[in-house]
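**Student:** Dropping a structure here in structure tokens format, bear with me for questions.
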Amino acid sequence: MSSSTAVPGSSPIAETAPLSLCALEPHVPADRLVAEMVPPPRFDSVRFDTYVPDPNQPSQIEAVKVLSDFAAGLGGAHATGAGKRKWFGGKKAAAPSGPRGVYLDGGYGVGKTHLLASLWHATPAAPSLKAFGTFVELTNLVGALGFQQTVRTLSGHRLLCIDEFELDDPGDTVLVSSLLSRLVEAGVALAATSNTLPGKLGEGRFAAADFLREIQGLSSHFRPLRIDGEDYRHRGLPDAPPPYSEEQVTRAAYATEGASLDDFPALLDHLARVHPSRYGALTDGVRAVCLTEVQPVPDQSTALRLVVLADRLYDREVPVLASGMPFDRLFSEEMLNGGYRKKYFRAISRLTALARDAKGLVAQ
């Protein structure tokens, strides 16, 4: 029997039970990881001319100009042999000295990913010659392919865009530093976003001296562009809706085609058994995520896995409806004041936006 199609917010219950993310254990081939290194669906249609700079923030206007010029400069870039490229039209000179990329630095929600995706779209090259992914997705790619194969795979690209560039441990620092150095030698242009300047990414971390030593080498590859502004997700928008009752969430899950329904603690346990590189595949075909008994995450490892899931849900614009505690109470004060604070604040901001999107799922 086919399931009935329910309008979000209506009272009838669908004939088919909702999905359970806890029941899914997706397998993702390595070639899919490479093929999916494109801007997420949320940014399919963004372009430089759809970015609306805040007139009170000159840095936003400047960033659009700099990135537009950067994309135009990549128009003549193509491989001419190992480590050699033509840059800027028909000129045959070697790649220019100095920074080989741009680094968008700014707070949460000022449009950095919009601009980074616009750069990807504006660069005149086939999608197979451009790569776009988060920092975590890049490290996951190395884990899936191995370092040397990742270098070979990405060396033929014209542009590599890295969103939310963050260094969480010395191993990742060395890994990414080495990878980007090899790609720069191969002539790959780089662009990245983050919430702190390249030379300050290791601030407040353990082994800070090691971080700063590695990051100083990375920072020379980028021209930093500061983007000031207010988090657009909070600009003129109402506060995040309070959590709903368990009955409301459950009823909405049954009434919404393609929704999932999971107990939050059980989902956190399940995430520990699924590699983060597969969290995107975990949400394939899911049109809404419904969670019951949301409560503070118990430890740092669990919290970091939840951050990755929040990123994938946000990328795919999947609304999140929840009962229990509000999302701004997911992480302890110790976590929010620690070295991973940027990640946690980003997760709260994104889950809050998705919670607003889910309001229409609940019958009024």
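Just so we're on the same page: first chain in the structure tokens is A, next is B, and so on; residues restart at 1 for each chain, and ligands are numbered from 1 in the order they show up.
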Within 10 Å of stretch 66-73 of chain A, counting only C-alpha atoms, which residues qualify if same-chain residues fewer than 2 places away don't, as a short mmCIF file (atom, residue, chain, number, x, y, z; two decimals) with all heavy atoms, in the first residue's frame?

**Tutor:**
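Produced file result33.cif, reproduced below:
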```
data_model
loop_
_atom_site.label_atom_id
_atom_site.label_comp_id
_atom_site.auth_asym_id
_atom_site.auth_seq_id
_atom_site.Cartn_x
_atom_site.Cartn_y
_atom_site.Cartn_z
N PHE A 48 27.93 35.77 -7.44
CA PHE A 48 28.37 37.04 -6.88
C PHE A 48 27.25 38.08 -6.91
O PHE A 48 27.11 38.87 -5.98
CB PHE A 48 29.59 37.57 -7.64
CG PHE A 48 30.86 36.81 -7.37
CD1 PHE A 48 31.64 36.33 -8.40
CD2 PHE A 48 31.26 36.57 -6.06
CE1 PHE A 48 32.81 35.63 -8.15
CE2 PHE A 48 32.43 35.86 -5.79
CZ PHE A 48 33.21 35.39 -6.85
N ILE A 61 31.79 44.52 0.35
CA ILE A 61 31.85 45.00 -1.03
C ILE A 61 33.22 44.70 -1.62
O ILE A 61 33.33 44.25 -2.76
CB ILE A 61 31.55 46.51 -1.06
CG1 ILE A 61 30.15 46.79 -0.50
CG2 ILE A 61 31.69 47.06 -2.48
CD1 ILE A 61 29.84 48.25 -0.31
N GLU A 62 34.27 44.92 -0.84
CA GLU A 62 35.63 44.67 -1.30
C GLU A 62 35.84 43.18 -1.60
O GLU A 62 36.50 42.81 -2.58
CB GLU A 62 36.63 45.13 -0.25
CG GLU A 62 38.09 44.80 -0.53
CD GLU A 62 38.66 45.56 -1.73
OE1 GLU A 62 37.99 46.49 -2.22
OE2 GLU A 62 39.76 45.21 -2.16
N ALA A 63 35.27 42.31 -0.77
CA ALA A 63 35.44 40.88 -0.96
C ALA A 63 34.85 40.42 -2.29
O ALA A 63 35.45 39.59 -2.99
CB ALA A 63 34.80 40.11 0.19
N VAL A 64 33.68 40.95 -2.65
CA VAL A 64 33.06 40.59 -3.93
C VAL A 64 33.98 40.97 -5.09
O VAL A 64 34.19 40.19 -6.02
CB VAL A 64 31.68 41.26 -4.08
CG1 VAL A 64 31.14 41.05 -5.49
CG2 VAL A 64 30.71 40.72 -3.05
N GLY A 75 40.89 32.24 -15.42
CA GLY A 75 40.35 31.87 -16.72
C GLY A 75 41.36 31.28 -17.67
O GLY A 75 41.03 30.46 -18.51
N GLY A 76 42.61 31.71 -17.56
CA GLY A 76 43.62 31.19 -18.48
C GLY A 76 44.49 30.14 -17.86
O GLY A 76 45.46 29.70 -18.46
N ALA A 77 44.16 29.74 -16.63
CA ALA A 77 45.01 28.78 -15.95
C ALA A 77 44.74 27.36 -16.44
O ALA A 77 43.61 26.92 -16.50
CB ALA A 77 44.75 28.84 -14.44
N TRP A 87 48.84 31.12 -16.19
CA TRP A 87 47.91 31.93 -15.41
C TRP A 87 47.65 33.21 -16.19
O TRP A 87 48.52 33.72 -16.89
CB TRP A 87 48.51 32.29 -14.05
CG TRP A 87 48.61 31.13 -13.11
CD1 TRP A 87 49.37 30.01 -13.25
CD2 TRP A 87 47.93 30.99 -11.87
NE1 TRP A 87 49.19 29.18 -12.19
CE2 TRP A 87 48.33 29.75 -11.33
CE3 TRP A 87 47.02 31.80 -11.17
CZ2 TRP A 87 47.85 29.30 -10.12
CZ3 TRP A 87 46.55 31.35 -9.97
CH2 TRP A 87 46.96 30.11 -9.45
N PHE A 88 46.46 33.74 -16.09
CA PHE A 88 46.09 35.02 -16.67
C PHE A 88 46.20 35.02 -18.20
O PHE A 88 47.20 35.42 -18.79
CB PHE A 88 46.94 36.17 -16.10
CG PHE A 88 46.97 36.18 -14.61
CD1 PHE A 88 48.15 35.95 -13.91
CD2 PHE A 88 45.81 36.38 -13.90
CE1 PHE A 88 48.15 35.94 -12.54
CE2 PHE A 88 45.81 36.38 -12.51
CZ PHE A 88 46.99 36.16 -11.84
N GLY A 89 45.15 34.57 -18.85
CA GLY A 89 45.04 34.64 -20.30
C GLY A 89 46.12 33.86 -21.00
O GLY A 89 46.46 32.75 -20.64
N GLY A 101 46.26 32.01 -3.15
CA GLY A 101 44.87 31.82 -2.84
C GLY A 101 44.32 32.98 -2.03
O GLY A 101 45.04 33.92 -1.68
N VAL A 102 43.04 32.89 -1.74
CA VAL A 102 42.38 33.90 -0.92
C VAL A 102 41.76 33.22 0.30
O VAL A 102 41.33 32.07 0.24
CB VAL A 102 41.28 34.65 -1.72
CG1 VAL A 102 41.91 35.56 -2.75
CG2 VAL A 102 40.31 33.67 -2.36
N LEU A 104 38.98 33.91 3.30
CA LEU A 104 37.88 34.75 3.77
C LEU A 104 37.73 34.57 5.28
O LEU A 104 37.34 33.50 5.75
CB LEU A 104 36.58 34.39 3.07
CG LEU A 104 36.62 34.37 1.54
CD1 LEU A 104 35.23 34.08 0.99
CD2 LEU A 104 37.16 35.66 0.99
N LEU A 115 30.02 33.43 -0.78
CA LEU A 115 31.07 33.98 -1.64
C LEU A 115 32.01 32.88 -2.15
O LEU A 115 32.43 32.91 -3.31
CB LEU A 115 31.86 35.04 -0.86
CG LEU A 115 31.10 36.33 -0.56
CD1 LEU A 115 31.90 37.20 0.41
CD2 LEU A 115 30.82 37.10 -1.85
N LEU A 116 32.33 31.92 -1.29
CA LEU A 116 33.22 30.84 -1.71
C LEU A 116 32.57 30.01 -2.82
O LEU A 116 33.22 29.65 -3.81
CB LEU A 116 33.56 29.96 -0.52
CG LEU A 116 34.66 28.92 -0.73
CD1 LEU A 116 36.01 29.62 -0.90
CD2 LEU A 116 34.73 27.95 0.45
N SER A 118 30.24 31.08 -4.83
CA SER A 118 30.17 31.94 -6.01
C SER A 118 31.48 31.92 -6.77
O SER A 118 31.49 31.94 -8.02
CB SER A 118 29.83 33.38 -5.59
OG SER A 118 28.56 33.45 -4.97
N LEU A 119 32.59 31.90 -6.05
CA LEU A 119 33.90 31.79 -6.71
C LEU A 119 34.00 30.49 -7.48
O LEU A 119 34.48 30.47 -8.63
CB LEU A 119 35.00 31.87 -5.64
CG LEU A 119 36.43 31.59 -6.13
CD1 LEU A 119 36.87 32.64 -7.15
CD2 LEU A 119 37.40 31.54 -4.95
N TRP A 120 33.55 29.39 -6.86
CA TRP A 120 33.58 28.09 -7.54
C TRP A 120 32.76 28.16 -8.84
O TRP A 120 33.21 27.73 -9.90
CB TRP A 120 33.02 27.02 -6.61
CG TRP A 120 33.18 25.61 -7.11
CD1 TRP A 120 34.20 24.76 -6.85
CD2 TRP A 120 32.27 24.88 -7.96
NE1 TRP A 120 33.99 23.55 -7.49
CE2 TRP A 120 32.82 23.60 -8.17
CE3 TRP A 120 31.05 25.20 -8.55
CZ2 TRP A 120 32.18 22.63 -8.94
CZ3 TRP A 120 30.42 24.24 -9.33
CH2 TRP A 120 30.99 22.97 -9.52
N HIS A 121 31.56 28.70 -8.75
CA HIS A 121 30.70 28.80 -9.94
C HIS A 121 31.30 29.72 -11.00
O HIS A 121 31.16 29.47 -12.20
CB HIS A 121 29.31 29.30 -9.54
CG HIS A 121 28.49 28.32 -8.78
ND1 HIS A 121 28.10 27.10 -9.29
CD2 HIS A 121 27.96 28.36 -7.52
CE1 HIS A 121 27.38 26.44 -8.41
NE2 HIS A 121 27.28 27.17 -7.33
N ALA A 122 31.97 30.80 -10.56
CA ALA A 122 32.47 31.80 -11.50
C ALA A 122 33.76 31.37 -12.19
O ALA A 122 34.10 31.90 -13.25
CB ALA A 122 32.69 33.13 -10.78
N THR A 123 34.48 30.43 -11.61
CA THR A 123 35.74 30.00 -12.20
C THR A 123 35.46 29.21 -13.48
O THR A 123 34.76 28.20 -13.46
CB THR A 123 36.53 29.13 -11.21
OG1 THR A 123 36.87 29.91 -10.07
CG2 THR A 123 37.81 28.60 -11.85
N PRO A 124 35.98 29.67 -14.61
CA PRO A 124 35.67 29.05 -15.91
C PRO A 124 36.42 27.73 -16.11
O PRO A 124 37.47 27.69 -16.77
CB PRO A 124 36.11 30.11 -16.92
CG PRO A 124 37.18 30.88 -16.21
CD PRO A 124 36.83 30.87 -14.75
N LEU A 159 41.11 24.76 -9.15
CA LEU A 159 40.76 25.48 -7.93
C LEU A 159 40.32 24.48 -6.86
O LEU A 159 39.58 23.54 -7.14
CB LEU A 159 39.61 26.46 -8.22
CG LEU A 159 38.98 27.19 -7.03
CD1 LEU A 159 39.97 28.19 -6.44
CD2 LEU A 159 37.70 27.89 -7.46
N ALA A 189 45.07 26.68 -7.51
CA ALA A 189 44.67 27.87 -6.77
C ALA A 189 43.84 27.45 -5.56
O ALA A 189 43.12 26.45 -5.60
CB ALA A 189 43.87 28.81 -7.66
N ALA A 191 41.26 28.62 -2.16
CA ALA A 191 40.37 29.60 -1.53
C ALA A 191 39.79 28.92 -0.30
O ALA A 191 39.48 27.73 -0.33
CB ALA A 191 39.26 30.04 -2.48
N LEU A 225 41.26 38.06 3.56
CA LEU A 225 40.22 39.07 3.31
C LEU A 225 39.27 39.07 4.50
O LEU A 225 38.55 38.10 4.72
CB LEU A 225 39.43 38.74 2.04
CG LEU A 225 40.16 38.82 0.70
CD1 LEU A 225 39.25 38.34 -0.41
CD2 LEU A 225 40.63 40.22 0.44
#
```

**Student:** Can you tell me, as a list in words, what residues are no more than 12 Å from A:Phe345 when counting only C-alpha atoms, ignoring any on the same chain fewer than 6 positions away?

**Tutor:**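 In the requested format, the answer is Gly107, Tyr108, Gly109, Asn195, Asp231, Ala303, Leu304, Val307, Ala310, Asp311, Phe327, Asp328, Arg329, Leu330, Phe331, Ser332, Glu333, Met335, Leu336, Asn337, Gly338, Gly339, Leu351 and Thr352 of chain A.
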
**Student:** Please produce an output containing C-alpha atoms for each residue in the selection, written as an mmCIF file, in the first residue's frame.

**Tutor:**
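Ended up saving to result_33.cif:
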```cif
data_model
loop_
_atom_site.group_PDB
_atom_site.id
_atom_site.type_symbol
_atom_site.label_atom_id
_atom_site.label_comp_id
_atom_site.auth_asym_id
_atom_site.auth_seq_id
_atom_site.Cartn_x
_atom_site.Cartn_y
_atom_site.Cartn_z
ATOM 1 C CA GLY A 107 32.253 35.742 11.937
ATOM 2 C CA TYR A 108 29.314 33.403 11.641
ATOM 3 C CA GLY A 109 26.739 34.009 8.936
ATOM 4 C CA ASN A 195 36.350 32.397 11.491
ATOM 5 C CA ASP A 231 25.184 36.908 11.452
ATOM 6 C CA ALA A 303 29.819 16.916 20.336
ATOM 7 C CA LEU A 304 32.220 17.029 17.385
ATOM 8 C CA VAL A 307 28.754 19.307 14.586
ATOM 9 C CA ALA A 310 24.593 19.656 11.715
ATOM 10 C CA ASP A 311 26.793 20.842 8.842
ATOM 11 C CA PHE A 327 19.644 23.773 20.762
ATOM 12 C CA ASP A 328 21.543 26.576 22.491
ATOM 13 C CA ARG A 329 21.899 24.293 25.517
ATOM 14 C CA LEU A 330 23.469 21.367 23.641
ATOM 15 C CA PHE A 331 27.031 22.207 24.638
ATOM 16 C CA SER A 332 28.355 22.883 28.119
ATOM 17 C CA GLU A 333 29.942 26.177 29.134
ATOM 18 C CA MET A 335 32.856 23.293 25.636
ATOM 19 C CA LEU A 336 31.735 26.745 24.488
ATOM 20 C CA ASN A 337 34.771 28.318 26.136
ATOM 21 C CA GLY A 338 37.231 25.710 24.856
ATOM 22 C CA GLY A 339 39.301 25.234 21.735
ATOM 23 C CA LEU A 351 20.534 24.057 14.001
ATOM 24 C CA THR A 352 18.653 27.161 15.099
#
```

**Student:** Restricting the calculation to only C-alpha atoms: of A:Lys65, A:His114, A:Arg100, A:His221, which residue gets closest to A:Tyr51?

**Tutor:**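 Using only C-alpha atoms, A:Tyr51 sits closest to A:His114.
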
**Student:** Env of A:Gly229: 10 Å cut, atoms = only C-alpha atoms, seq-sep filter 6 positions within chain, self excluded. Answer as a PyMOL selection string.

**Tutor:** chain A and resi 53-54+56-60+106-111

**Student:** With N, CA, C and O atoms kept, could you save the residues just selected as a PDB file, in the first residue's frame?

**Tutor:**
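Writing done, so here's part_12.pdb:
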```
ATOM      1  N   PRO A  53      25.762  42.816  -0.300  1.00  0.00           N
ATOM      2  CA  PRO A  53      26.632  43.346   0.758  1.00  0.00           C
ATOM      3  C   PRO A  53      25.879  44.320   1.653  1.00  0.00           C
ATOM      4  O   PRO A  53      24.999  45.054   1.202  1.00  0.00           O
ATOM      5  N   ASP A  54      26.234  44.317   2.905  1.00  0.00           N
ATOM      6  CA  ASP A  54      25.708  45.301   3.838  1.00  0.00           C
ATOM      7  C   ASP A  54      26.382  46.635   3.518  1.00  0.00           C
ATOM      8  O   ASP A  54      27.616  46.730   3.557  1.00  0.00           O
ATOM      9  N   ASN A  56      26.837  49.091   5.167  1.00  0.00           N
ATOM     10  CA  ASN A  56      27.614  49.586   6.304  1.00  0.00           C
ATOM     11  C   ASN A  56      28.887  48.778   6.544  1.00  0.00           C
ATOM     12  O   ASN A  56      29.620  49.047   7.500  1.00  0.00           O
ATOM     13  N   GLN A  57      29.134  47.784   5.672  1.00  0.00           N
ATOM     14  CA  GLN A  57      30.316  46.933   5.819  1.00  0.00           C
ATOM     15  C   GLN A  57      31.128  46.968   4.519  1.00  0.00           C
ATOM     16  O   GLN A  57      30.945  46.117   3.641  1.00  0.00           O
ATOM     17  N   PRO A  58      32.024  47.937   4.365  1.00  0.00           N
ATOM     18  CA  PRO A  58      32.818  48.046   3.124  1.00  0.00           C
ATOM     19  C   PRO A  58      33.610  46.784   2.809  1.00  0.00           C
ATOM     20  O   PRO A  58      33.874  46.499   1.645  1.00  0.00           O
ATOM     21  N   SER A  59      33.982  46.024   3.844  1.00  0.00           N
ATOM     22  CA  SER A  59      34.764  44.812   3.599  1.00  0.00           C
ATOM     23  C   SER A  59      33.987  43.800   2.780  1.00  0.00           C
ATOM     24  O   SER A  59      34.578  43.006   2.035  1.00  0.00           O
ATOM     25  N   GLN A  60      32.655  43.775   2.901  1.00  0.00           N
ATOM     26  CA  GLN A  60      31.848  42.847   2.113  1.00  0.00           C
ATOM     27  C   GLN A  60      31.878  43.234   0.633  1.00  0.00           C
ATOM     28  O   GLN A  60      31.982  42.371  -0.243  1.00  0.00           O
ATOM     29  N   GLY A 106      35.978  35.839   8.813  1.00  0.00           N
ATOM     30  CA  GLY A 106      34.855  36.604   9.337  1.00  0.00           C
ATOM     31  C   GLY A 106      34.050  35.782  10.308  1.00  0.00           C
ATOM     32  O   GLY A 106      34.267  34.578  10.479  1.00  0.00           O
ATOM     33  N   GLY A 107      33.090  36.411  10.949  1.00  0.00           N
ATOM     34  CA  GLY A 107      32.253  35.742  11.937  1.00  0.00           C
ATOM     35  C   GLY A 107      31.221  34.845  11.286  1.00  0.00           C
ATOM     36  O   GLY A 107      31.201  34.634  10.072  1.00  0.00           O
ATOM     37  N   TYR A 108      30.327  34.340  12.112  1.00  0.00           N
ATOM     38  CA  TYR A 108      29.314  33.403  11.641  1.00  0.00           C
ATOM     39  C   TYR A 108      28.262  34.136  10.819  1.00  0.00           C
ATOM     40  O   TYR A 108      27.789  35.206  11.180  1.00  0.00           O
ATOM     41  N   GLY A 109      27.887  33.534   9.686  1.00  0.00           N
ATOM     42  CA  GLY A 109      26.739  34.009   8.936  1.00  0.00           C
ATOM     43  C   GLY A 109      26.899  35.325   8.222  1.00  0.00           C
ATOM     44  O   GLY A 109      25.915  36.013   7.965  1.00  0.00           O
ATOM     45  N   VAL A 110      28.136  35.718   7.851  1.00  0.00           N
ATOM     46  CA  VAL A 110      28.296  36.962   7.094  1.00  0.00           C
ATOM     47  C   VAL A 110      28.347  36.705   5.593  1.00  0.00           C
ATOM     48  O   VAL A 110      28.583  37.619   4.811  1.00  0.00           O
ATOM     49  N   GLY A 111      28.127  35.461   5.190  1.00  0.00           N
ATOM     50  CA  GLY A 111      28.074  35.140   3.766  1.00  0.00           C
ATOM     51  C   GLY A 111      29.350  34.590   3.189  1.00  0.00           C
ATOM     52  O   GLY A 111      29.526  34.581   1.966  1.00  0.00           O
TER      53      GLY A 111
END
```

**Student:** List as a PDB file with C-alpha atoms, in the first residue's frame the protein and nucleic acid residues near stretch 131-135 of chain A, meaning an atom at most 6 Å away when only C-alpha atoms are counted, but skip any in the same chain fewer than 6 places from it.

**Tutor:**
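What follows is the written file part-v8.pdb:
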```pdb
ATOM      1  CA  MET A  37      33.221  17.853  -3.881  1.00  0.00           C
ATOM      2  CA  VAL A  38      30.944  20.579  -5.228  1.00  0.00           C
ATOM      3  CA  PRO A  39      29.019  23.341  -3.426  1.00  0.00           C
ATOM      4  CA  LEU A 160      40.304  23.965  -4.469  1.00  0.00           C
ATOM      5  CA  CYS A 161      37.781  25.674  -2.167  1.00  0.00           C
ATOM      6  CA  ILE A 162      37.891  24.755   1.527  1.00  0.00           C
ATOM      7  CA  ASP A 163      34.974  25.857   3.678  1.00  0.00           C
ATOM      8  CA  GLU A 164      35.255  26.250   7.472  1.00  0.00           C
ATOM      9  CA  PHE A 165      39.018  25.835   7.577  1.00  0.00           C
TER      10      PHE A 165
END
```

**Student:** One decimal, Å: what's the distance from atom CA of A:Ala255 over to atom CA of A:Pro18, could you say?

**Tutor:**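 According to the coordinates, atom CA of A:Ala255 and atom CA of A:Pro18 are separated by 8.6 Å.
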
**Student:** What's the separation between atom CA of A:Glu166 and atom CA of A:Leu313, in Å to one decimal place?

**Tutor:** 19.2 Å

**Student:** Per DSSP on the backbone, what are the alpha helix (DSSP H) residues of stretch 211-293 of chain A, as an MDAnalysis selection string?

**Tutor:** chainID A and resid 211:219 246:255 264:271 279:282

**Student:** Would you mind telling me which residue in A:Leu306, A:Thr193, A:Tyr279, A:Ser45 lies nearest to A:Arg226 when using only C-alpha atoms?

**Tutor:**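 For A:Arg226, the nearest of the given residues is A:Thr193.
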
**Student:** Smallest atom-to-atom distance to A:Lys343: which of A:Val308, A:Ala272, A:Ala253, A:Val151, using only C-alpha atoms?

**Tutor:** A:Val308

**Student:** For each of A:Asp284, A:Glu317, A:Glu334, A:Asp262, take the minimum atom-to-atom distance to A:Asp299, counting only C-alpha atoms, then give the residue where this is smallest.

**Tutor:** A:Glu334

**Student:** Which residue, A:Lys112, A:Arg223, A:Arg152, A:Arg251, has the smallest gap to A:Val362 when you use only C-alpha atoms?

**Tutor:**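 Nearest to A:Val362: A:Arg251.
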
**Student:** With only C-alpha atoms as the atoms that count, which of A:Val188, A:Val34, A:Leu361, A:Val289 lies nearest to A:Gln149?

**Tutor:**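 Closest to A:Gln149, using only C-alpha atoms: A:Val34.
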